[in-house]
file run-v9.cif (mmCIF, C-alpha atoms, pLDDT in the B column; chains and numbers go by the auth columns)
data_start
loop_
_atom_site.group_PDB
_atom_site.id
_atom_site.type_symbol
_atom_site.label_atom_id
_atom_site.label_comp_id
_atom_site.label_asym_id
_atom_site.label_seq_id
_atom_site.Cartn_x
_atom_site.Cartn_y
_atom_site.Cartn_z
_atom_site.B_iso_or_equiv
_atom_site.auth_seq_id
_atom_site.auth_asym_id
ATOM 1 C CA MET A 1 -0.542 10.856 -3.629 56.00 164 A
ATOM 2 C CA THR A 2 -1.815 13.012 -0.819 66.00 165 A
ATOM 3 C CA ALA A 3 -0.733 13.186 2.796 76.00 166 A
ATOM 4 C CA LEU A 4 -2.061 10.477 5.048 87.00 167 A
ATOM 5 C CA ALA A 5 -4.667 12.149 7.275 88.00 168 A
ATOM 6 C CA ARG A 6 -8.166 11.129 8.329 89.00 169 A
ATOM 7 C CA PRO A 7 -10.720 13.256 6.437 88.00 170 A
ATOM 8 C CA THR A 8 -13.267 15.311 8.331 86.00 171 A
ATOM 9 C CA HIS A 9 -16.056 14.445 5.865 85.00 172 A
ATOM 10 C CA GLY A 10 -16.848 10.964 4.568 81.00 173 A
ATOM 11 C CA ARG A 11 -15.913 9.042 7.690 83.00 174 A
ATOM 12 C CA VAL A 12 -17.855 5.990 8.746 87.00 175 A
ATOM 13 C CA ILE A 13 -16.147 5.053 11.996 87.00 176 A
ATOM 14 C CA GLY A 14 -12.712 6.587 12.351 89.00 177 A
ATOM 15 C CA GLY A 15 -11.874 7.649 8.823 91.00 178 A
ATOM 16 C CA VAL A 16 -8.966 5.239 8.452 93.00 179 A
ATOM 17 C CA CYS A 17 -10.314 3.508 5.343 93.00 180 A
ATOM 18 C CA ALA A 18 -11.237 6.861 3.789 92.00 181 A
ATOM 19 C CA ALA A 19 -7.710 8.157 4.458 93.00 182 A
ATOM 20 C CA LEU A 20 -6.112 5.067 2.939 93.00 183 A
ATOM 21 C CA ALA A 21 -8.447 5.244 -0.060 92.00 184 A
ATOM 22 C CA ARG A 22 -7.565 8.881 -0.670 91.00 185 A
ATOM 23 C CA ARG A 23 -3.862 8.094 -0.325 91.00 186 A
ATOM 24 C CA PHE A 24 -3.912 5.197 -2.816 91.00 187 A
ATOM 25 C CA GLY A 25 -6.475 6.667 -5.227 92.00 188 A
ATOM 26 C CA THR A 26 -9.344 4.228 -4.719 93.00 189 A
ATOM 27 C CA SER A 27 -12.873 4.726 -3.483 94.00 190 A
ATOM 28 C CA PRO A 28 -13.557 4.535 0.260 92.00 191 A
ATOM 29 C CA THR A 29 -16.127 1.791 -0.360 94.00 192 A
ATOM 30 C CA THR A 30 -13.502 -0.351 -2.073 95.00 193 A
ATOM 31 C CA MET A 31 -11.088 0.143 0.803 94.00 194 A
ATOM 32 C CA ARG A 32 -13.787 -0.764 3.339 94.00 195 A
ATOM 33 C CA VAL A 33 -14.625 -3.969 1.432 95.00 196 A
ATOM 34 C CA ILE A 34 -10.932 -4.874 1.300 94.00 197 A
ATOM 35 C CA PHE A 35 -10.688 -4.325 5.051 93.00 198 A
ATOM 36 C CA LEU A 36 -13.771 -6.434 5.766 93.00 199 A
ATOM 37 C CA VAL A 37 -12.533 -9.266 3.547 95.00 200 A
ATOM 38 C CA SER A 38 -9.116 -9.104 5.223 94.00 201 A
ATOM 39 C CA CYS A 39 -10.833 -9.618 8.576 91.00 202 A
ATOM 40 C CA LEU A 40 -11.662 -13.143 7.439 93.00 203 A
ATOM 41 C CA LEU A 41 -7.940 -13.902 7.386 93.00 204 A
ATOM 42 C CA PRO A 42 -5.961 -14.479 10.563 94.00 205 A
ATOM 43 C CA GLY A 43 -4.023 -11.475 11.736 91.00 206 A
ATOM 44 C CA PRO A 44 -4.160 -8.256 13.722 93.00 207 A
ATOM 45 C CA GLN A 45 -6.421 -6.241 11.382 92.00 208 A
ATOM 46 C CA PHE A 46 -8.531 -4.724 14.146 90.00 209 A
ATOM 47 C CA LEU A 47 -5.465 -3.776 16.162 93.00 210 A
ATOM 48 C CA LEU A 48 -3.916 -2.163 13.087 93.00 211 A
ATOM 49 C CA TYR A 49 -7.135 -0.212 12.441 92.00 212 A
ATOM 50 C CA ILE A 50 -7.231 1.039 16.031 94.00 213 A
ATOM 51 C CA ALA A 51 -3.529 1.954 15.916 95.00 214 A
ATOM 52 C CA LEU A 52 -4.008 3.918 12.687 93.00 215 A
ATOM 53 C CA TRP A 53 -7.086 5.609 14.170 93.00 216 A
ATOM 54 C CA LEU A 54 -4.994 6.797 17.095 94.00 217 A
ATOM 55 C CA LEU A 55 -1.830 7.673 15.137 93.00 218 A
ATOM 56 C CA LEU A 56 -3.210 9.347 12.004 91.00 219 A
ATOM 57 C CA PRO A 57 -3.988 13.003 12.510 90.00 220 A
ATOM 58 C CA SER A 58 -7.360 14.382 11.598 89.00 221 A
ATOM 59 C CA GLU A 59 -7.387 16.420 8.402 83.00 222 A
ATOM 60 C CA ASP A 60 -8.115 19.706 10.162 78.00 223 A
ATOM 61 C CA LYS A 61 -5.291 19.142 12.677 72.00 224 A
ATOM 62 C CA ALA A 62 -2.864 18.120 9.915 63.00 225 A
ATOM 63 C CA ARG A 63 -3.656 21.333 8.043 67.00 226 A
ATOM 64 C CA THR A 64 -2.815 23.506 11.031 70.00 227 A
ATOM 65 C CA ALA A 65 0.461 21.644 11.584 59.00 228 A
ATOM 66 C CA TRP A 66 1.804 22.809 8.203 56.00 229 A
#
call {"tool": "encode", "arguments": {"input": "run-v9.cif", "output": "structure tokens"}}
result
Amino acid sequence: MTALARPTHGRVIGGVCAALARRFGTSPTTMRVIFLVSCLLPGPQFLLYIALWLLLPSEDKARTAW
């Protein structure tokens, strides 16, 4: 597994789904579909997405931190 950081290439909105897909070894499209389907269920999915967008470092910033 790789470090959890939003990629600089392959983002659609914030890169959260692409980062999670890279971390868990799935395709970004699969992760986006899972997120969209989960939005049909009750819960704070949008708030979690926004929180991850704000908390996850961008890939270029994470590289400079190491």
call {"tool": "residues_around", "arguments": {"input": "run-v9.cif", "residues": "A:Ile213", "least_positions_apart": "6", "cutoff": "12 Å", "atoms": "only C-alpha atoms", "output": "list in words"}}
result
Ile176, Gly177, Gly178, Val179, Cys180, Pro207 and Leu219 of chain A
call {"tool": "closest_residue", "arguments": {"input": "run-v9.cif", "among": "A:Ser221, A:Thr227, A:Ile197, A:Gly206", "to": "A:Thr171", "atoms": "all atoms listed in the file"}}
result
A:Ser221
call {"tool": "resolve_selection", "arguments": {"input": "run-v9.cif", "expression": "the PyMOL selection byres ((chain A and resi 183) around 10)", "output": "ChimeraX atom specification"}}
result
/A:165-169,178-182,184-191,194-195
call {"tool": "atom_distance", "arguments": {"input": "run-v9.cif", "atom1": "atom CA of A:Thr192", "atom2": "atom CA of A:Val175"}}
result
10.2 Å
